Amino acid sequence: MDEEGVEEYRNFRPFTRDSLFNIERRIAEEQAAKEAHKLKEAGDSDDSEDEIEEPSHHEPDPKPNSKLEAGRKLPPSLEEGSGRFVGRPIEDLDEYYHNQKTFCVIGRDKTIYRFNATNALFVLSPFNPIRRVALYILVHPLFSVVVMLTIIVNCVFMTMTEGPEEYVEQIFTGIYTFEASTKILARGIILTPFTYLRDPWNWLDFFVISIAYLTMWIKSLGNLSALRTFRVLRALKTVAVIPGLKTIVGALLEAVRRLRDVMILTVFVLSIFALVGMQLYSGGLRQKCVQNWTIELGPNISDIEWLSFVNDSNNWWKVGDDYIVCGNGSGAGGCKENYTCLPDLGDNPNFGYTSFDNFGWALLCAFRLMTQDYWESLYKLVLRAEGSAHAMYFVLVILLGSFYLVNLILAIVAMSYDEQQKQDAADAADEAAERMEEEERREILSQMTKSPSDASFKSDQYNPDKAEDKERVSLTSDQSGGSHLHPNSKKRGSVSLPGSPFAYRRSSRGSQFSWKKKPSGRATDRQPLVYQTLESLPLPFADDSAAVTPSSEDLCNFPFHKNAPNGRRYSFASQTRRHWPDARPPSRRSSFASNVSRNSRTSRYSVHSPLDPLKKESKMDTLFNFTRKGSQRVPDVVVDKPRLDRDNDSVSSLGSECVGEKQKMSPTNTFLCPSPTAANVDIKDVMVLKDLIDHASGHRRSFMSVVSVQPEAVRDKLMNYLCLWNCSPNFKKLQYFVSLFIMDAFVDLFITLCIVVNTGFMALDHWDMNEDLKSVSEFANTLFTGIFAAEAFLKILALSPINYFKDNWNVFDSFIVFLSLMELMLEELPGLSVLRAFRLLRVFKLAKSWPTLNMLIAIVGRTMGALGNLTIVLGIVVFIFAVMGQQLFRDSYQRYINDSDIGGGMPRWNFDDFLHSFMIIFRVLCGEWIESMWGCMRVAGYPCVPFFLLTMVIGNLVVLNLFLALLLSSFGAESLQRSEADDEPNKLAEAVDRFKRFGAWVKVKIIVCLKVKLRRKTKRPVIALSPSSSRPELNGKEALADGQTVVDAEKGLDLPDGEKLPRRCSEGSVNKDSKSMLGSEASSSSSSLSESEKDIKVEADGEPEINEVDIVYVKEPDDCLCKVCTRKFKCLATIEESKTGQIWWKFRCFMFRVTEHKYFETFIITMILASSSALALEDEYLGERPILKAILMYLDKCFTAIFILEMLVKWVAFGFKTYFTDAWCWLDFIIVSLSIVLLAAESFNLGDLGSIKALRTLRALRPLRAVSRWEGMRVVVNALIKAIPSIFNVLLVCLVFWLIFGIMGVQLFAGRFHKCVDADGTRLNISVVDHRNQCETQNYTWTNSKINFDNVMNAYLALFQIATYKGWTDIMNDAIDSRQPNYQPLYEDNRYMYMYFVLFIIFGSFFTLNLFIGVIIDNFNQQKKKGGSLEMFMTDDQKKYYMAMKRMQSKSPQKSIPKPKLWIAGIIFDVTTNQMFDIGIMVVILLNMITMMIEHEGMTHEIDEALKYINIVFIAIFTLECVLKIIGLRQFYFKIPWNVFDFVVVILSILALSLAGFFENFFVSPTLLRVIRVFRVGRVLRLVKSAKGIRTLLFSLAVSLPALFNIGLLLALVMFIYAIMGMNFFMKAEEEYGLDDAFNFKTFFRSFILLFQMCTSAGWDGVLNGLIAKCKPNEPCTQYTIATMYLVTYLVISFLVVVNMYIAVILENFSQATEDVQQGLTPDDFDMYYEKWEKYDPDATQYIQLDMLSDFVDFLEEPLQLQKPNHFMLVKLDIPICDGDMCFCRDILDALTKNFLGTTETPDMPTQQEAETEYVVVSSTLKRQKEHYAAKIIQKAYRTFRRKKHGSEDDDEENDIDEDCVDNGDAETVVVETTSSHASDTTEQQKTVELHADSDIVA
């Protein structure tokens, strides 16, 4: 019989000296038990091995109970009765600590605190009054509140610009000291667990306090104010105090831990890029344009004069504040006229901080490229200096470093967060379930205790002679310490009431210390204390003074058992067990105690018993929780659902829950487990039945049926009158009519339209608005306010307030209406225009009817909850860095004001006060750190670098990625696809549907009218239906005579290039229109036979048949003329059938075959590519090359002719209908038409059609046609097209979000960005010009910023720049300086406008732009779900095994390289194949890398020479390695790819060394040969083989590569198209701002490299400013529109969509790879297996000897390794043994794989390999072991038999035999002869096996 464990509760017991004594006793006993165990083991090992051992099972190590950890809240099940123990030490609640010196204290907020029971500070025992007071203070909630407030106040003081007074600091230090000393007094310092310094958060405190005292006392040591900066870390203490923060910080720390591998990989990759950059660009950025000295000084000058002239910075070409970098290579930036480019002049750019001159700067540049901060500047500098070919370096760094590594960090942070969230959710769910159970239990208990007691149990049920009854009476008190050890204590408990179920008895001996399960010998050893029938009742506790004993009715009022002997009532619990055959009252087993499994007879919650104090099933729960399986006291009522809702089938509420319980149930009691097919019960019937039963039995109703009737409370009455409004019937009627009107779908539609129009009016606001428009706008606002107010009022009237305000949308509506009305009333008051901004919230009302916006707001809302804690953490991080920056660098920044060399005044981004510090750190979080760092380094030097890098890594890469991770987790598919049933029906959809239905109705009426008229005119001829025409139509498809089905081609079978399938409408074909319309019998459209033909449909019963359709591509074109034409005009039909018609038809068929020919499409695509290339040549310099221009002109005409011809051929072949139903053909048609127009214009010399010329740009779109032919790109484009609806949706939502900020921006900044500038464009000081009028009277220029907020469109552009962080600082500066319109701006006059930008970046950029990634990833996942596979039908375990098998099949053992015969070569072979040799070479490679890092620009001659010699030594070492390997491995050397790589590098290194002198005279740049040495570093990657974490990262990269390559191709295609467009549009653009002579749209290649820069959104603001430089502010300008559209569309496509697809692929593949590593075996593991196999099977026979098996599996690496001793493990794996005691390699791998995956029960999956390799299995390891074991038993029996028979002589002989058998003293080799039918086989059948003496498991 199954017995369930029942959880026992325990009281809280005060921690007394007895408790401490007991703990010490238990520790001593446990120690003694351990020593006894050791002695026993030692004794056992001396025993003879003849005894057959019982297998011993190792007990798992006990673990602390996670629910009772220190710091967690008390579980709900223990909360009861904890009140009087608050703040008092009690014995530890967790069983785990019962033999450790600990005790608990429960705080007032029910938090568990755990303390050590040893003496604190060596003197304070746990019972010391001082320590008790400290304990009480520490656990009081006020204590942490005070500390928290102190920290907050301290933080506020720290932000002050002028530091607080000294005494303030001392007060804070005093408070912190008090806090620390309280904790130390209560806990002790460090020696034992749970003391002060064992908690890492306290280390922080201790450190901060120590620093505070150091700075106070040791003033003589000088200024230690830098150390005081660490006070900021106090802010982190908040984390320890606020509960939710610990989880977020946990996720952060977990992420940081996991980032270890990524960091190593990142540093490694960046080092390689830095070394390459150093070799290529060292010193290159110091090239400057110098004025020609011959003009100034004449041709004849001395060297000294020349040097002084060249080094004078006044002679260098300067634009703005920067000197222009130039280069002399091809494609490099040149100098203007009269200037020459010279190297090594002056400093590097950006104050000397941007260069590749040494490893440090180069690494900083590589990191800058990785984080994409202002990288366009570096890109331009390098390309100007070295030439545009060097863009390849940046492409690699951006793609590998930036896109891959940065997103790996995101992937890891997202995964850590996800796991943390799942953990939290599981914990919360557990706690909620437990709390609910506890509440149910209490509720039922409270109802029970209300009934008065008038009887006790009958005496005949108690027999004091029975042993168990005797024991039952003895109720042992648990209060005294002594009773723990002496269960036969004389105290007796009351019998009339059971003891509290928390008080349980100890077993008789060793109760506290028994760790092993005891055999259940004594039935009475561990019996419950309560009499059986009482025990099963929900009784009050004896120690509960308020308790009342239940009445006899209550005791008896349980449904009695039908088959009960003598009809006596059983306890309710006994009914849930099988009943006993004999008629005697059941023993204790059948009472409630039968729930207690035998485990419960162990000691006080012995660690191995399942009775953890907090396990789910408790005795009380089983009693009181009526929803629990198997414990139903009354039937679960199944309401007769069909009466309420005819649509749904009623389902029994128990259903499957009961299936597993059937064994435990009485089969006769239907109440206990209703079967799933139970009849439906109406709730009324149940109540009637209940009344009848109660009445018949004469009992009062049991507590289950009593419904308490309480008088209505006054509050409820008031609620009814004031908020429910259900007073008079007339009023109700009014409500009904109002609700009919206001709740109608059309009203909703009207309101939605009002919102849209209102939004439009608000967006009309702009600067300099004319009065009429202003008054219309005002009127519209009043009108809409009125409409919305009326809507709200009517809704309140219709629904009554209580129902109206239940809906959150209604609350939102009423809030907005209230604000709008307030704004209208208080219009005259100044300063209330801010309220107008709230009008914008109306836009959000759209969310009601726009699901995507609704979902998005829901996601933002949901994340806001979770973000609460994250925002606090982000706030703490920003705060700490801001204050730290302020403390460290504030004084240095004063140099900007005081130091004339640096001068120029305080920069805008500074650490001068907290606001500016905050903004700098916020800017770093947005990813912009490099410029602020330069500003800092100018005054504070190198300490700025670690500060900014740390802020960047922690703030941006970790914390900010948590934001994104949170967003992505909210984006889970579950949140997107909430079931439609949850949502209220969409009123808008309903309204639109009504219109559609109305439209359809009108259409039907018109058609019917026409039909009636036509029928009157023509009487239709009656045609007999031929058999062929009356074929039945099955499932809407017409069946042919031979049973096949023709699917109409028009229904959408796409050909590969997107064309619809053409077909000929001959006699027997089926027309797509021949489906009956609106159920009319006759088909209203024509069929190919006659109009009156009817379709006969077969109504097939049952499941619809699925027609398998073979797609057959038709070999001939469509008919020339549609059927209507031929029918109406008979003459046309005759022409078609004439001879001419036949010839034309043949011609069409020929053309059709031509178009279908594979070479036709290839030719056209070649032409497309050729014409695209020709377009790429039409650059600005075409005018200077007349021959090329002429060639291109003729080519253009040829291409036009070819494309016209292609179009005509397709027209003839497909017909117009098919041609014009294809989108690509339309594109062709438009382009060809434009070409014809252009040709016509040129031939007639109709002037310059430049506008049409611009339209030729559309031809750039033609390469898109190639997409459909390229598999990889087609996949990406398809994925993109599928994502377009959701991307478009998100784009719209972004626009709505941004519209709100845009309108707000217009309100705040319209007309305020105007300023007065002088002739140079410098803004004048406010002291010179204060107002627009002054500016114009003084003849200065009053101008506007190019990017402004003067209207909503301009605002959108400005917001787009802010969201991409490009050009946003200029916009922000304008906003911060703005005053009233028409006033000159003043420096930082409006500095709190920073908040507008911070808010917009959080909502407009962090959220909305990251939604793109969310949408694309979500789209990926949905695509994956749709694509099912074989794996859908497997369990998880099978899937893992299947994947492992798939990987295994692709591998097989390699034959190892044979050792050479020659002995010297043999020695070399051994040396080179040794692992130590490889490690040695790795060390040399690392040393070589370090020497390369030492190189720098401007080295002294000595260092240069030394490095040259060191380099020669390294080359010699690598050459020697190469030669040795070639000698040792011979021709096999070149079969290993790494060796080939090494060989090439060695050859190139030698060449570079020997030819260094010669190459200077040749065209090959020597730097390229220096770079070859860098690739030597790539060999370090061989180390990766041993680093599992990095291997995973590279594995995920390898998996991603194909997809990333396809996406890269798509990006290249987009860039190609945009480059040609850009060249056509902006060839003549001014070289200003972001455009110069190397970066512009003048040639195709320059356009391309500029677009590559902008695909990361870098520098697009500068390009935009360059393109619109000619446009004057406030004047219409086509160039402005074109440039804006061009750049914004390019950015959306490339930066937001394609690049995010890149990110999505990386995240997806990384999580996949991590999953593979965590769950299954990776291909690497199998490679490693076969690599190790080679050592044991050099000839690749695929077999090894059985005796080598143990060594082999020990020699393997994790995860397949089985460490020695592994004999019994191998036996358990049951590995097959083949002929000759051999094992097959795949069998071993298969067994190890199953063992690792824990799927040993999975049936073997058939692999192809098994069919190929045939071998005979003669045995297996398990079978062999059984044979030996059997043999051993036989031998033992035989020896025993001989001993008995022959006595002592034979004993001597036996001893001799034994001695011979013993091998090495620890293993016994037994030879067994098994008889065989063939005598000849006997020798073969002899087996040997090792059995270890210490083995304790026997199969």
# chains A, B, ... in the order shown; residues from 1 in each chain; ligands from 1

$ residues_around --residues "segment 951-961 of chain A" --least-positions-apart "4" --cutoff "10 Å" --atoms "only C-alpha atoms" --output "PyMOL selection string"
chain A and resi 248-249+252-253+255-256+259+371+406-407+409-414+417+870-871+873-874+877-878+880-882+921-930+945-947+965-967+1406

$ write_last_selection --atoms "C-alpha atoms" --output "JSON list (two decimals), in the first residue's frame"
[["chain", "number", "residue", "atom", "x", "y", "z"],
["A", 248, "ILE", "CA", 18.62, 42.30, -10.09],
["A", 249, "VAL", "CA", 22.10, 42.62, -8.62],
["A", 252, "LEU", "CA", 24.11, 41.43, -12.86],
["A", 253, "LEU", "CA", 26.76, 39.53, -10.90],
["A", 255, "ALA", "CA", 26.15, 38.10, -15.99],
["A", 256, "VAL", "CA", 29.55, 39.48, -15.00],
["A", 259, "LEU", "CA", 31.13, 37.44, -19.21],
["A", 371, "THR", "CA", 31.72, 50.42, -29.11],
["A", 406, "VAL", "CA", 29.08, 43.54, -28.28],
["A", 407, "ASN", "CA", 26.00, 41.49, -29.06],
["A", 409, "ILE", "CA", 27.61, 40.53, -24.23],
["A", 410, "LEU", "CA", 23.95, 41.36, -24.79],
["A", 411, "ALA", "CA", 23.14, 37.69, -25.35],
["A", 412, "ILE", "CA", 24.83, 36.67, -22.09],
["A", 413, "VAL", "CA", 23.21, 39.43, -20.04],
["A", 414, "ALA", "CA", 19.83, 38.53, -21.53],
["A", 417, "TYR", "CA", 18.41, 37.85, -16.62],
["A", 870, "LEU", "CA", 16.39, 47.95, -12.50],
["A", 871, "THR", "CA", 15.89, 51.70, -12.73],
["A", 873, "VAL", "CA", 20.09, 49.94, -9.87],
["A", 874, "LEU", "CA", 20.74, 52.07, -12.95],
["A", 877, "VAL", "CA", 25.24, 53.16, -10.85],
["A", 878, "VAL", "CA", 24.81, 56.56, -12.53],
["A", 880, "ILE", "CA", 27.94, 56.53, -7.95],
["A", 881, "PHE", "CA", 29.89, 57.31, -11.11],
["A", 882, "ALA", "CA", 28.58, 60.89, -11.22],
["A", 921, "ILE", "CA", 27.58, 59.69, -17.16],
["A", 922, "PHE", "CA", 24.21, 59.54, -18.94],
["A", 923, "ARG", "CA", 25.99, 60.33, -22.19],
["A", 924, "VAL", "CA", 28.41, 57.48, -21.54],
["A", 925, "LEU", "CA", 25.42, 55.18, -20.98],
["A", 926, "CYS", "CA", 24.21, 56.21, -24.43],
["A", 927, "GLY", "CA", 27.54, 54.98, -25.77],
["A", 928, "GLU", "CA", 29.37, 58.31, -26.19],
["A", 929, "TRP", "CA", 32.44, 58.32, -23.98],
["A", 930, "ILE", "CA", 35.44, 59.21, -26.09],
["A", 945, "VAL", "CA", 40.89, 56.45, -18.97],
["A", 946, "PRO", "CA", 40.08, 53.72, -16.40],
["A", 947, "PHE", "CA", 37.21, 55.84, -15.02],
["A", 965, "ALA", "CA", 17.20, 41.96, -21.98],
["A", 966, "LEU", "CA", 14.17, 42.91, -19.94],
["A", 967, "LEU", "CA", 12.44, 44.24, -23.02],
["A", 1406, "PHE", "CA", 16.02, 52.73, -25.33]]

$ residues_around --residues "segment 1180-1183 of chain A" --least-positions-apart "4" --cutoff "9 Å" --atoms "only C-alpha atoms" --output "compact mmCIF listing (two decimals) with N, CA and C atoms, in the first residue's frame"
# COMPACT_ATOMS: atom_id res chain seq x y z
N LEU A 1188 34.76 57.49 -72.66
CA LEU A 1188 33.96 56.66 -71.74
C LEU A 1188 32.50 57.11 -71.76
N LYS A 1189 32.31 58.46 -71.85
CA LYS A 1189 30.94 58.99 -71.85
C LYS A 1189 30.18 58.49 -73.08
N MET A 1623 24.81 59.05 -55.78
CA MET A 1623 25.68 59.65 -56.80
C MET A 1623 24.85 60.49 -57.77
N MET A 1627 25.77 64.43 -56.47
CA MET A 1627 27.10 64.50 -57.06
C MET A 1627 27.72 65.89 -56.86
N LYS A 1628 26.87 66.92 -56.92
CA LYS A 1628 27.39 68.30 -56.90
C LYS A 1628 27.32 68.92 -55.49
N PHE A 1641 29.76 62.07 -52.54
CA PHE A 1641 28.98 61.24 -53.47
C PHE A 1641 29.45 61.45 -54.91
N LYS A 1642 30.72 61.86 -55.08
CA LYS A 1642 31.18 62.17 -56.43
C LYS A 1642 31.45 60.91 -57.25
N THR A 1643 31.99 59.86 -56.59
CA THR A 1643 32.23 58.61 -57.33
C THR A 1643 31.51 57.46 -56.59

$ residues_around --residues "Thr1656 of chain A" --least-positions-apart "6" --cutoff "8 Å" --atoms "only C-alpha atoms" --output "ChimeraX atom specification"
/A:372,1694-1695,1699

$ write_last_selection --atoms "all heavy atoms" --output "compact mmCIF listing (two decimals), in the first residue's frame"
# COMPACT_ATOMS: atom_id res chain seq x y z
N GLN A 372 31.67 51.61 -31.25
CA GLN A 372 31.15 52.50 -32.30
C GLN A 372 30.97 53.93 -31.82
O GLN A 372 30.02 54.60 -32.24
CB GLN A 372 29.80 51.99 -32.83
CG GLN A 372 29.88 50.71 -33.60
CD GLN A 372 28.53 50.30 -34.14
OE1 GLN A 372 27.58 51.05 -34.15
NE2 GLN A 372 28.44 49.07 -34.60
N SER A 1694 18.86 50.03 -43.26
CA SER A 1694 20.14 49.39 -42.90
C SER A 1694 20.32 49.29 -41.39
O SER A 1694 20.46 48.21 -40.83
CB SER A 1694 21.31 50.16 -43.52
OG SER A 1694 21.37 51.45 -42.96
N PHE A 1695 20.24 50.45 -40.72
CA PHE A 1695 20.59 50.49 -39.30
C PHE A 1695 19.53 49.81 -38.43
O PHE A 1695 19.85 49.07 -37.51
CB PHE A 1695 20.78 51.95 -38.89
CG PHE A 1695 20.99 52.18 -37.43
CD1 PHE A 1695 22.10 51.63 -36.78
CD2 PHE A 1695 20.11 52.93 -36.68
CE1 PHE A 1695 22.30 51.84 -35.44
CE2 PHE A 1695 20.32 53.14 -35.33
CZ PHE A 1695 21.41 52.59 -34.71
N VAL A 1699 20.75 45.54 -39.83
CA VAL A 1699 21.75 45.34 -38.77
C VAL A 1699 21.11 44.64 -37.56
O VAL A 1699 21.73 43.80 -36.92
CB VAL A 1699 22.36 46.70 -38.36
CG1 VAL A 1699 23.20 46.56 -37.11
CG2 VAL A 1699 23.20 47.24 -39.50

$ closest_atom_pairs --of "segment 1330-1393 of chain A" --to "segment 761-768 of chain A" --cutoff "12 Å" --atoms "only C-alpha atoms" --output "JSON lines"
{"residue": "A:Asn1344", "atom": "CA", "partner": "A:Trp767", "partner_atom": "CA", "distance": 11.8}
{"residue": "A:Asn1348", "atom": "CA", "partner": "A:Trp767", "partner_atom": "CA", "distance": 10.5}
{"residue": "A:Phe1349", "atom": "CA", "partner": "A:His766", "partner_atom": "CA", "distance": 8.4}
{"residue": "A:Asp1350", "atom": "CA", "partner": "A:Trp767", "partner_atom": "CA", "distance": 5.1}
{"residue": "A:Asn1351", "atom": "CA", "partner": "A:His766", "partner_atom": "CA", "distance": 4.5}
{"residue": "A:Val1352", "atom": "CA", "partner": "A:Ala763", "partner_atom": "CA", "distance": 6.0}
{"residue": "A:Met1353", "atom": "CA", "partner": "A:Ala763", "partner_atom": "CA", "distance": 9.0}
{"residue": "A:Asn1354", "atom": "CA", "partner": "A:His766", "partner_atom": "CA", "distance": 9.9}
{"residue": "A:Ala1355", "atom": "CA", "partner": "A:His766", "partner_atom": "CA", "distance": 10.1}
{"residue": "A:Tyr1356", "atom": "CA", "partner": "A:Ala763", "partner_atom": "CA", "distance": 11.1}
{"residue": "A:Pro1381", "atom": "CA", "partner": "A:Trp767", "partner_atom": "CA", "distance": 9.4}
{"residue": "A:Asn1382", "atom": "CA", "partner": "A:Asp768", "partner_atom": "CA", "distance": 11.2}

$ residues_around --residues "Asp427 of chain A" --least-positions-apart "4" --cutoff "12 Å" --atoms "only C-alpha atoms" --output "compact mmCIF listing (two decimals) with N, CA and C atoms, in the first residue's frame"
# COMPACT_ATOMS: atom_id res chain seq x y z
N SER A 66 15.94 25.91 1.39
CA SER A 66 16.03 27.22 0.74
C SER A 66 14.95 28.17 1.26
N LYS A 67 13.83 27.63 1.74
CA LYS A 67 12.76 28.51 2.20
C LYS A 67 13.04 29.10 3.58
N ARG A 72 15.16 35.56 4.29
CA ARG A 72 13.87 35.32 3.63
C ARG A 72 12.74 35.49 4.62
N LYS A 73 11.57 35.70 4.10
CA LYS A 73 10.40 35.83 4.97
C LYS A 73 10.00 34.44 5.48
N PRO A 75 7.91 31.29 5.96
CA PRO A 75 6.89 30.70 5.09
C PRO A 75 5.52 30.81 5.73
N THR A 247 17.81 40.61 -6.32
CA THR A 247 17.69 39.70 -7.47
C THR A 247 18.31 40.32 -8.71
N GLN A 420 17.34 34.31 -14.11
CA GLN A 420 17.03 34.92 -12.82
C GLN A 420 15.52 35.13 -12.70
N GLN A 421 14.91 35.60 -13.79
CA GLN A 421 13.47 35.86 -13.78
C GLN A 421 12.67 34.58 -13.57
N LYS A 422 13.09 33.52 -14.29
CA LYS A 422 12.38 32.25 -14.16
C LYS A 422 12.44 31.78 -12.71
N GLN A 423 13.65 31.93 -12.12
CA GLN A 423 13.85 31.52 -10.73
C GLN A 423 12.92 32.30 -9.81
N GLU A 431 5.40 30.44 -3.20
CA GLU A 431 4.97 31.12 -1.98
C GLU A 431 3.47 31.40 -2.02
N ALA A 432 2.99 31.83 -3.22
CA ALA A 432 1.57 32.15 -3.35
C ALA A 432 0.72 30.90 -3.10
N ALA A 433 1.16 29.76 -3.66
CA ALA A 433 0.39 28.52 -3.48
C ALA A 433 0.34 28.15 -2.00
N GLU A 434 1.51 28.28 -1.36
CA GLU A 434 1.58 27.91 0.06
C GLU A 434 0.67 28.82 0.88

$ atom_distance --atom1 "atom CA of Asn1373 of chain A" --atom2 "atom CA of Leu964 of chain A"
28.2 Å

$ select_by_dssp --residues "segment 1166-1208 of chain A" --states "alpha helix (DSSP H)" --output "NGL selection string"
:A and (1166-1177 or 1186-1208)

$ atom_distance --atom1 "atom CA of Gln1423 of chain A" --atom2 "atom CA of Leu856 of chain A"
21.2 Å

$ closest_residue --among "A:Pro1738, A:Gly1141, A:Gly1367, A:Pro14" --to "Ala1658 of chain A" --atoms "only C-alpha atoms"
A:Gly1367
